[in-house]
>>> print(open('run.cif').read())   # mmCIF, C-alpha atoms and all ligand atoms
data_query
#
loop_
_atom_site.label_atom_id
_atom_site.label_comp_id
_atom_site.auth_asym_id
_atom_site.auth_seq_id
_atom_site.Cartn_x
_atom_site.Cartn_y
_atom_site.Cartn_z
CA MET I 1 -37.44 -28.59 21.33
CA THR I 2 -40.18 -26.30 20.07
CA THR I 3 -41.70 -26.93 16.66
CA LYS I 4 -41.97 -23.80 14.53
CA ARG I 5 -45.59 -23.41 13.51
CA ILE I 6 -45.50 -22.15 9.93
CA TYR I 7 -49.30 -21.78 9.86
CA TYR I 8 -49.19 -19.12 12.59
CA ASP I 9 -47.83 -16.53 10.16
CA ASP I 10 -48.58 -18.15 6.81
CA ALA I 11 -51.89 -19.98 6.78
CA PHE I 12 -51.54 -20.33 3.01
CA ALA I 13 -48.33 -22.44 3.12
CA ARG I 14 -49.34 -25.75 1.53
CA GLU I 15 -45.87 -27.22 1.13
CA PHE I 16 -42.74 -26.99 3.23
CA ILE I 17 -39.46 -28.78 3.95
CA GLY I 18 -38.94 -29.94 7.53
CA GLU I 19 -36.07 -31.67 9.32
CA VAL I 20 -37.03 -34.83 11.20
CA ARG I 21 -36.15 -34.36 14.88
CA SER I 22 -37.59 -37.69 16.01
CA CYS I 23 -39.50 -40.62 14.53
CA GLU I 24 -40.76 -43.21 17.01
CA GLU I 25 -42.63 -46.38 16.18
CA ILE I 26 -45.96 -46.88 17.94
CA THR I 27 -47.52 -50.31 17.80
CA GLY I 28 -51.25 -49.90 17.54
CA GLU I 29 -53.97 -52.54 17.54
CA ASP I 30 -54.44 -52.65 13.78
CA ALA I 31 -51.33 -51.15 12.22
CA THR I 32 -47.92 -49.81 13.08
CA LYS I 33 -47.64 -46.03 13.03
CA TRP I 34 -44.90 -43.51 13.69
CA ARG I 35 -44.83 -40.34 15.78
CA VAL I 36 -42.87 -37.72 13.92
CA VAL I 37 -41.63 -34.40 15.25
CA LEU I 38 -40.15 -31.93 12.76
CA ASP I 39 -38.26 -28.69 13.35
CA ARG I 40 -41.05 -26.81 11.58
CA THR I 41 -44.48 -27.68 10.27
CA ALA I 42 -47.39 -26.28 8.29
CA PHE I 43 -49.66 -29.09 9.57
CA TYR I 44 -52.35 -27.75 11.88
CA PRO I 45 -53.05 -29.90 14.97
CA THR I 46 -56.58 -30.42 16.31
CA SER I 47 -57.33 -27.50 18.63
CA GLY I 48 -59.74 -24.66 19.29
CA GLY I 49 -62.61 -26.45 17.56
CA GLN I 50 -60.68 -26.85 14.28
CA PRO I 51 -59.79 -30.42 13.19
CA ASN I 52 -56.22 -31.39 12.26
CA ASP I 53 -54.81 -31.28 8.75
CA LEU I 54 -54.12 -34.34 6.65
CA GLY I 55 -51.59 -34.74 3.86
CA THR I 56 -48.20 -36.33 3.22
CA GLN I 57 -44.60 -36.18 4.40
CA GLY I 58 -42.59 -37.60 1.53
CA GLU I 59 -44.06 -41.07 0.97
CA ALA I 60 -45.71 -41.15 4.38
CA ARG I 61 -49.38 -40.33 4.84
CA VAL I 62 -50.21 -38.03 7.75
CA LEU I 63 -53.04 -39.62 9.75
CA ASP I 64 -53.28 -37.26 12.69
CA VAL I 65 -51.63 -34.11 14.03
CA VAL I 66 -51.48 -33.51 17.78
CA ASP I 67 -50.55 -30.38 19.72
CA GLU I 68 -48.35 -31.45 22.64
CA GLY I 69 -47.49 -28.00 23.97
CA ASP I 70 -44.14 -27.04 22.51
CA GLU I 71 -44.10 -29.84 19.97
CA ILE I 72 -46.44 -30.76 17.16
CA VAL I 73 -46.63 -34.53 16.73
CA HIS I 74 -47.52 -35.98 13.31
CA VAL I 75 -48.86 -39.53 13.31
CA VAL I 76 -47.80 -41.08 10.01
CA ASP I 77 -48.08 -44.50 8.35
CA ARG I 78 -44.38 -45.13 7.66
CA ALA I 79 -41.00 -44.08 9.02
CA VAL I 80 -39.39 -40.85 7.74
CA GLN I 81 -35.89 -39.43 8.16
CA GLY I 82 -33.71 -36.47 7.23
CA SER I 83 -35.46 -33.73 5.29
CA VAL I 84 -39.05 -34.37 4.36
CA ALA I 85 -41.35 -32.53 1.99
CA GLY I 86 -44.61 -31.85 3.79
CA LYS I 87 -47.72 -31.39 1.70
CA ILE I 88 -51.06 -30.32 3.16
CA ASP I 89 -54.39 -31.69 1.89
CA TRP I 90 -55.31 -28.20 0.75
CA ALA I 91 -58.98 -28.71 -0.07
CA ARG I 92 -59.57 -29.91 3.49
CA ARG I 93 -57.50 -27.15 5.09
CA PHE I 94 -58.96 -24.31 3.01
CA ASP I 95 -62.46 -25.53 3.88
CA HIS I 96 -61.49 -25.43 7.56
CA MET I 97 -60.11 -21.89 7.12
CA GLN I 98 -63.38 -20.77 5.53
CA GLN I 99 -65.50 -22.32 8.31
CA HIS I 100 -63.23 -21.00 11.06
CA THR I 101 -63.04 -17.42 9.76
CA GLY I 102 -66.77 -17.50 9.06
CA GLN I 103 -67.28 -18.47 12.69
CA HIS I 104 -65.27 -15.46 13.92
CA LEU I 105 -67.37 -13.15 11.76
CA LEU I 106 -70.69 -14.74 12.66
CA SER I 107 -69.92 -14.76 16.39
CA ALA I 108 -68.91 -11.09 16.23
CA VAL I 109 -72.15 -10.11 14.44
CA LEU I 110 -74.32 -12.14 16.82
CA MET I 111 -72.62 -10.56 19.84
CA LYS I 112 -72.52 -6.96 18.63
CA GLU I 113 -75.90 -6.71 16.99
CA PHE I 114 -77.97 -9.27 18.89
CA GLY I 115 -76.27 -9.68 22.29
CA LEU I 116 -75.73 -13.41 21.76
CA GLU I 117 -72.41 -14.66 23.11
CA THR I 118 -70.65 -17.64 21.50
CA VAL I 119 -69.65 -20.09 24.23
CA SER I 120 -68.35 -22.92 22.03
CA PHE I 121 -67.54 -23.81 18.43
CA HIS I 122 -67.43 -27.14 16.62
CA LEU I 123 -66.15 -27.61 13.07
CA GLY I 124 -67.67 -30.86 11.82
CA GLU I 125 -67.15 -32.94 8.69
CA GLU I 126 -70.46 -31.70 7.31
CA ILE I 127 -71.86 -29.07 9.60
CA CYS I 128 -70.39 -26.43 11.91
CA THR I 129 -72.05 -25.29 15.10
CA ILE I 130 -71.71 -22.52 17.64
CA ASP I 131 -73.44 -22.57 21.00
CA LEU I 132 -74.99 -19.19 21.82
CA ARG I 133 -75.91 -17.88 25.25
CA GLY I 134 -78.78 -15.44 25.62
CA LEU I 135 -82.43 -15.11 24.63
CA GLU I 136 -83.71 -17.55 22.03
CA PRO I 137 -82.79 -16.14 18.60
CA SER I 138 -85.93 -15.65 16.50
CA ALA I 139 -86.11 -16.68 12.85
CA GLU I 140 -85.88 -12.96 11.96
CA THR I 141 -82.74 -12.57 14.09
CA LEU I 142 -81.08 -15.48 12.29
CA VAL I 143 -81.91 -14.09 8.86
CA ALA I 144 -80.69 -10.62 9.89
CA ALA I 145 -77.45 -12.06 11.36
CA GLU I 146 -76.82 -14.03 8.16
CA GLN I 147 -77.33 -10.90 6.04
CA ALA I 148 -75.09 -8.78 8.30
CA ALA I 149 -72.30 -11.41 8.23
CA ASN I 150 -72.52 -11.78 4.45
CA ALA I 151 -72.40 -7.99 4.04
CA VAL I 152 -68.93 -8.12 5.68
CA VAL I 153 -67.99 -10.99 3.35
CA PHE I 154 -68.93 -8.87 0.34
CA GLU I 155 -66.88 -5.93 1.68
CA ASP I 156 -63.83 -8.24 1.41
CA ARG I 157 -62.16 -6.88 4.53
CA PRO I 158 -58.60 -7.91 5.48
CA VAL I 159 -58.16 -10.63 8.11
CA SER I 160 -54.84 -10.34 9.90
CA VAL I 161 -52.79 -11.80 12.75
CA LYS I 162 -51.82 -9.62 15.71
CA TYR I 163 -49.47 -10.46 18.57
CA GLY I 164 -49.42 -8.93 22.03
CA THR I 165 -49.71 -9.57 25.73
CA ALA I 166 -53.16 -10.02 27.25
CA GLU I 167 -53.01 -6.41 28.42
CA GLU I 168 -52.00 -5.09 25.00
CA LEU I 169 -54.74 -7.05 23.29
CA ARG I 170 -57.30 -5.76 25.78
CA ALA I 171 -56.22 -2.22 24.96
CA LEU I 172 -56.82 -3.07 21.28
CA GLY I 173 -60.38 -4.14 22.11
CA VAL I 174 -60.26 -7.89 22.82
CA ARG I 175 -63.38 -8.65 24.86
CA LYS I 176 -62.59 -12.26 25.83
CA GLU I 177 -60.74 -12.74 29.12
CA VAL I 178 -57.41 -14.45 28.55
CA ASP I 179 -55.40 -15.74 31.50
CA ARG I 180 -52.36 -16.97 29.57
CA ASP I 181 -48.99 -15.30 30.07
CA GLY I 182 -46.57 -14.13 27.42
CA VAL I 183 -47.26 -13.13 23.86
CA LEU I 184 -50.68 -14.09 22.53
CA ARG I 185 -51.93 -14.42 19.00
CA ALA I 186 -55.12 -12.74 17.93
CA ILE I 187 -57.09 -12.57 14.69
CA GLU I 188 -58.47 -9.28 13.48
CA ILE I 189 -61.26 -8.84 10.98
CA GLU I 190 -60.74 -5.19 10.12
CA GLY I 191 -63.35 -2.98 11.75
CA VAL I 192 -65.33 -5.95 13.03
CA GLU I 193 -63.48 -7.78 15.76
CA LEU I 194 -60.23 -8.87 17.36
CA GLN I 195 -60.21 -12.31 18.95
CA PRO I 196 -57.42 -14.42 20.53
CA CYS I 197 -57.12 -17.58 18.42
CA GLY I 198 -54.47 -20.10 17.39
CA GLY I 199 -56.33 -21.39 14.34
CA THR I 200 -55.89 -20.89 10.61
CA HIS I 201 -57.91 -18.24 8.79
CA VAL I 202 -58.39 -16.86 5.30
CA ALA I 203 -56.68 -13.57 4.39
CA ARG I 204 -59.79 -11.59 3.41
CA THR I 205 -63.45 -11.97 4.32
CA GLY I 206 -64.31 -12.46 0.64
CA GLN I 207 -62.54 -15.85 0.82
CA ILE I 208 -65.11 -17.08 3.35
CA GLY I 209 -67.32 -17.29 0.27
CA MET I 210 -70.75 -17.17 1.80
CA ILE I 211 -72.28 -17.85 5.20
CA GLN I 212 -75.53 -19.72 5.63
CA LEU I 213 -77.36 -20.25 8.92
CA ARG I 214 -79.32 -23.46 9.23
CA ARG I 215 -81.06 -25.07 12.21
CA CYS I 216 -81.06 -23.59 15.71
CA THR I 217 -81.97 -25.89 18.61
CA LYS I 218 -81.93 -25.69 22.39
CA ILE I 219 -79.05 -27.49 24.03
CA ARG I 220 -79.06 -27.30 27.82
CA GLN I 221 -79.26 -23.55 28.60
CA ASP I 222 -77.80 -22.50 25.23
CA TRP I 223 -78.80 -22.33 21.57
CA ARG I 224 -76.90 -24.53 19.13
CA LEU I 225 -76.76 -22.83 15.74
CA GLU I 226 -75.72 -24.79 12.66
CA PHE I 227 -73.98 -22.86 9.92
CA LEU I 228 -72.00 -23.43 6.74
CA CYS I 229 -69.40 -21.39 4.91
CA GLY I 230 -67.77 -21.39 1.47
CA GLU I 231 -68.21 -24.40 -0.79
CA ARG I 232 -70.38 -26.08 1.84
CA VAL I 233 -73.07 -23.43 1.22
CA ALA I 234 -73.11 -24.22 -2.49
CA LYS I 235 -73.32 -27.96 -1.78
CA ALA I 236 -76.16 -27.49 0.72
CA ALA I 237 -78.04 -25.17 -1.67
CA ARG I 238 -77.60 -27.75 -4.44
CA ALA I 239 -78.87 -30.58 -2.20
CA ASP I 240 -81.82 -28.47 -1.01
CA TYR I 241 -82.72 -27.62 -4.60
CA GLU I 242 -82.46 -31.29 -5.66
CA THR I 243 -84.80 -32.25 -2.81
CA ARG I 244 -87.27 -29.58 -3.85
CA ARG I 245 -87.03 -30.60 -7.49
CA ALA I 246 -87.61 -34.29 -6.59
CA VAL I 247 -90.61 -33.33 -4.43
CA ALA I 248 -92.01 -31.24 -7.30
CA GLU I 249 -91.51 -34.12 -9.73
CA LYS I 250 -93.46 -36.47 -7.48
CA LEU I 251 -96.21 -33.88 -7.07
CA LYS I 252 -96.16 -33.14 -10.81
CA CYS I 253 -95.68 -29.40 -10.39
CA SER I 254 -92.87 -26.85 -10.73
CA PRO I 255 -90.29 -26.47 -7.90
CA GLU I 256 -91.81 -23.02 -7.22
CA GLU I 257 -95.23 -24.57 -6.61
CA ALA I 258 -93.92 -27.44 -4.48
CA LEU I 259 -94.79 -26.02 -1.06
CA SER I 260 -98.35 -24.97 -1.93
CA MET I 261 -98.81 -28.34 -3.65
CA VAL I 262 -97.63 -30.15 -0.50
CA ASP I 263 -100.18 -28.16 1.54
CA LYS I 264 -102.92 -29.09 -0.91
CA THR I 265 -101.86 -32.76 -1.01
CA VAL I 266 -101.65 -33.08 2.76
CA GLY I 267 -105.12 -31.49 3.03
CA GLU I 268 -106.49 -33.98 0.50
CA ARG I 269 -104.80 -36.88 2.29
CA ASP I 270 -106.34 -35.85 5.63
CA ALA I 271 -109.77 -35.50 4.03
CA SER I 272 -109.58 -38.91 2.36
CA PHE I 273 -108.34 -40.45 5.61
CA ARG I 274 -111.42 -39.09 7.41
CA LEU I 275 -113.66 -40.31 4.59
CA ALA I 276 -112.08 -43.80 4.59
CA LYS I 277 -112.48 -44.00 8.36
CA ALA I 278 -116.18 -43.08 8.16
CA ARG I 279 -116.70 -45.59 5.32
CA GLY I 280 -114.86 -48.29 7.26
CA GLU I 281 -117.10 -47.76 10.27
CA ARG I 282 -120.24 -47.88 8.13
CA LEU I 283 -119.01 -50.98 6.29
CA ALA I 284 -118.08 -52.73 9.57
CA ASP I 285 -121.57 -52.05 10.94
CA LEU I 286 -123.18 -53.49 7.80
CA GLU I 287 -120.90 -56.52 7.69
CA ALA I 288 -121.41 -57.17 11.40
CA GLU I 289 -125.17 -57.12 10.87
CA LYS I 290 -124.88 -59.59 8.00
CA ILE I 291 -122.58 -61.93 9.96
CA VAL I 292 -124.87 -61.90 12.99
CA ARG I 293 -127.95 -62.48 10.81
CA GLU I 294 -126.30 -65.49 9.18
CA THR I 295 -125.16 -67.01 12.50
CA ALA I 296 -127.47 -69.62 14.01
CA VAL I 297 -128.68 -69.37 17.61
CA ASP I 298 -127.11 -72.17 19.68
CA ALA I 299 -128.70 -74.35 22.42
CA SER I 300 -128.11 -71.70 25.09
CA GLY I 301 -129.86 -69.04 23.01
CA LEU I 302 -126.63 -67.19 22.00
CA LYS I 303 -125.13 -66.38 18.64
CA ILE I 304 -121.42 -67.24 18.78
CA VAL I 305 -119.44 -65.66 15.93
CA GLU I 306 -116.04 -67.32 15.63
CA HIS I 307 -113.67 -66.34 12.90
CA VAL I 308 -110.01 -66.07 12.01
CA PHE I 309 -109.64 -63.29 9.45
CA GLU I 310 -106.97 -63.36 6.82
CA GLY I 311 -106.10 -60.75 4.18
CA ILE I 312 -108.11 -58.05 5.94
CA GLU I 313 -106.38 -55.02 7.42
CA ALA I 314 -105.99 -54.87 11.19
CA SER I 315 -107.80 -51.52 11.57
CA TYR I 316 -110.89 -52.98 9.91
CA VAL I 317 -110.91 -56.11 12.12
CA LEU I 318 -110.66 -53.75 15.08
CA LEU I 319 -113.87 -52.03 13.88
CA LEU I 320 -115.67 -55.24 12.92
CA ALA I 321 -115.17 -57.23 16.16
CA PRO I 322 -116.79 -54.62 18.46
CA ALA I 323 -119.54 -54.03 15.85
CA ILE I 324 -120.45 -57.72 16.04
CA ALA I 325 -120.36 -57.57 19.84
CA THR I 326 -122.89 -54.73 19.98
CA HIS I 327 -125.66 -57.12 18.91
CA GLU I 328 -127.86 -58.59 21.59
CA LYS I 329 -127.06 -62.08 22.87
CA THR I 330 -124.06 -62.24 20.53
CA VAL I 331 -120.48 -63.19 21.30
CA ALA I 332 -117.59 -62.30 18.94
CA LEU I 333 -114.47 -64.51 19.06
CA VAL I 334 -112.23 -63.07 16.41
CA ALA I 335 -108.54 -63.25 15.50
CA ARG I 336 -106.37 -61.97 12.67
CA ARG I 337 -104.03 -64.58 11.18
CA GLU I 338 -101.21 -62.30 10.01
CA CYS I 339 -100.45 -60.56 13.30
CA GLY I 340 -102.10 -62.89 15.82
CA HIS I 341 -104.28 -60.15 17.27
CA ILE I 342 -107.30 -61.52 19.10
CA PHE I 343 -110.62 -59.89 20.09
CA PHE I 344 -113.37 -61.21 22.37
CA GLY I 345 -116.58 -59.22 22.81
CA GLN I 346 -120.13 -59.73 24.03
CA GLY I 347 -123.42 -57.94 23.38
CA PRO I 348 -126.20 -57.15 25.85
CA GLY I 349 -127.80 -60.18 27.60
CA VAL I 350 -124.80 -62.54 27.30
CA GLY I 351 -123.44 -61.99 30.83
CA LYS I 352 -120.05 -63.66 30.47
CA ASP I 353 -116.59 -62.21 31.26
CA MET I 354 -114.52 -61.58 28.11
CA ASN I 355 -111.45 -60.43 30.02
CA ALA I 356 -111.39 -63.65 32.07
CA LEU I 357 -111.96 -65.67 28.89
CA LEU I 358 -109.03 -63.96 27.15
CA LYS I 359 -106.73 -64.53 30.12
CA LYS I 360 -107.68 -68.20 30.16
CA VAL I 361 -107.03 -68.69 26.42
CA LEU I 362 -103.74 -66.79 26.56
CA GLY I 363 -102.78 -68.94 29.54
CA VAL I 364 -102.96 -71.97 27.25
CA VAL I 365 -101.54 -70.68 23.94
CA GLY I 366 -99.38 -67.80 25.20
CA GLY I 367 -99.66 -64.07 24.57
CA LYS I 368 -100.53 -60.75 26.18
CA GLY I 369 -103.72 -58.73 26.51
CA GLY I 370 -106.65 -57.61 28.61
CA GLY I 371 -109.83 -55.56 28.66
CA THR I 372 -113.22 -55.29 30.31
CA LYS I 373 -116.00 -57.72 31.04
CA ASP I 374 -117.58 -56.90 27.65
CA PHE I 375 -114.57 -56.45 25.40
CA ALA I 376 -110.99 -57.69 25.57
CA ARG I 377 -108.14 -57.75 23.07
CA GLY I 378 -104.67 -59.17 22.96
CA ALA I 379 -101.80 -60.46 20.86
CA LEU I 380 -100.85 -64.12 20.59
CA ALA I 381 -97.21 -65.00 21.16
CA ASP I 382 -97.39 -67.03 17.95
CA PRO I 383 -99.88 -65.96 15.24
CA ALA I 384 -99.97 -69.60 14.06
CA THR I 385 -102.03 -70.47 17.16
CA ALA I 386 -104.92 -68.14 16.09
CA GLN I 387 -107.26 -70.96 15.00
CA ARG I 388 -106.54 -73.00 18.12
CA ALA I 389 -107.06 -69.97 20.40
CA ILE I 390 -110.51 -69.34 18.89
CA GLU I 391 -111.42 -73.06 19.27
CA ILE I 392 -110.41 -73.03 22.94
CA ALA I 393 -112.48 -69.88 23.49
CA ARG I 394 -115.45 -71.41 21.67
CA ALA I 395 -115.31 -74.51 23.91
CA GLU I 396 -115.13 -72.31 27.01
CA VAL I 397 -118.15 -70.20 26.00
CA GLY I 398 -120.13 -73.45 25.79
ZN ZN X 401 -59.87 -18.48 14.90
#
>>> encode(input="run.cif", output="structure tokens", more="lines below")
Ligand SMILES: [Zn+2]
Amino acid sequence: MTTKRIYYDDAFAREFIGEVRSCEEITGEDATKWRVVLDRTAFYPTSGGQPNDLGTQGEARVLDVVDEGDEIVHVVDRAVQGSVAGKIDWARRFDHMQQHTGQHLLSAVLMKEFGLETVSFHLGEEICTIDLRGLEPSAETLVAAEQAANAVVFEDRPVSVKYGTAEELRALGVRKEVDRDGVLRAIEIEGVELQPCGGTHVARTGQIGMIQLRRCTKIRQDWRLEFLCGERVAKAARADYETRRAVAEKLKCSPEEALSMVDKTVGERDASFRLAKARGERLADLEAEKIVRETAVDASGLKIVEHVFEGIEASYVLLLAPAIATHEKTVALVARRECGHIFFGQGPGVGKDMNALLKKVLGVVGGKGGGTKDFARGALADPATAQRAIEIARAEVG
């Protein structure tokens, strides 16, 4: 038996009395639930991009609403019988009505004024999206579409339900091809568009509240446009303002100055990064010189610098090790305790093979790495073996 869909003709019905036609127990994995079919319902089932309603039926909580063709099935958390008082979670439903009607309006504006066809719609918990087909919408197009859609909101035009066959609706100006038989339902935004739809909508465009377009990204061959309507716009604007205010507070400026202050701060950061890098290089050269000067020449006429650094940043060790290895007849065998990074390098006139040496050491203590004859670097499997790795290398160099 067909369930009468109260929401088709009265989207604002929040409460209703329905007769229970059937109530079947379903044993789920976690909890027992019941499938309830009523003679009539104001509960909207998930369909057409709009999520289902929630609410109560007497003492029972409605967990899901499913469209099964003729019947609407309510999944509830306890058994019901006889006459039940249905009550819709109105905040949730009205939000859905705002998003859904906003989508109709936005899609119509994008099609009529910018030639962008809506090929799908998703109404999410936080964000709504439509997928648009056509040329990539520019930032100016999006701003213009938002303004045009909001102009219709401010005009507070009536939104009404029309019924007719596919042919009749086509005669009234429905663009979308519909291949369903019988009487169809369509939604009209006066003077803007007429669109076949089974969803719930507000009664006047003013109730959409406000439409805000957000991010637009490429998704396969289409453009996925995020948008918000109604209370969601106020929440997003509030969150955006709070972010801006927090940024301004950190930058010690007013929210109005935040962007220019970010530009200035990023510029300063980049400049000081370049300066620190140049200083690091200069310092590494000087320290390398000092280390080499203080290292004694061994029996084979080489200076072997062996050291496990600790408490020194990795980027500096990476400058220092090659700087040591640029000195004539000098070998650098260096590791960093914290991360187990290891560097072997040789200066002119040494004539050994640092890559082969590294492979040999890593073969004993474990790790990965490689390089050239003059400079090789790697990472020990266990940083605790740093000292031992350097000792092995030292013994190998002779
Ligand atoms: Zn609709």
>>> residues_around(input="run.cif", residues="Ala379 (chain I)", least_positions_apart="6", cutoff="9 Å", atoms="only C-alpha atoms", output="ChimeraX atom specification")
/I:339-343,362,366-369
>>> closest_atom_pairs(input="run.cif", of="chain I", to="ligand ZN 401 (chain X)", cutoff="6 Å", atoms="all atoms listed in the file", output="CSV")
residue,atom,partner,partner_atom,distance
I:His100,CA,X:ZN401,ZN,5.7
I:Cys197,CA,X:ZN401,ZN,4.6
I:Gly199,CA,X:ZN401,ZN,4.6
>>> closest_residue(input="run.cif", among="I:Val37, I:Leu357, I:Leu135, I:Leu54", to="Gln81 (chain I)", atoms="only C-alpha atoms")
I:Val37
>>> residues_around(input="run.cif", residues="Glu155 (chain I)", least_positions_apart="6", cutoff="12 Å", atoms="all atoms listed in the file", output="JSON, numbers by chain")
{"I": [148, 149, 189, 190, 191, 192, 204, 205, 206, 207, 208, 209, 210]}
>>> atom_distance(input="run.cif", atom1="CA of Cys229 (chain I)", atom2="CA of His201 (chain I)")
12.5 Å
>>> closest_residue(input="run.cif", among="I:Arg157, I:Asp64, I:Val143, I:Arg5", to="Thr101 (chain I)", atoms="only C-alpha atoms")
I:Arg157
>>> closest_residue(input="run.cif", among="I:Cys23, I:Val297, I:Ala323, I:Val365", to="Asp77 (chain I)", atoms="all atoms listed in the file")
I:Cys23
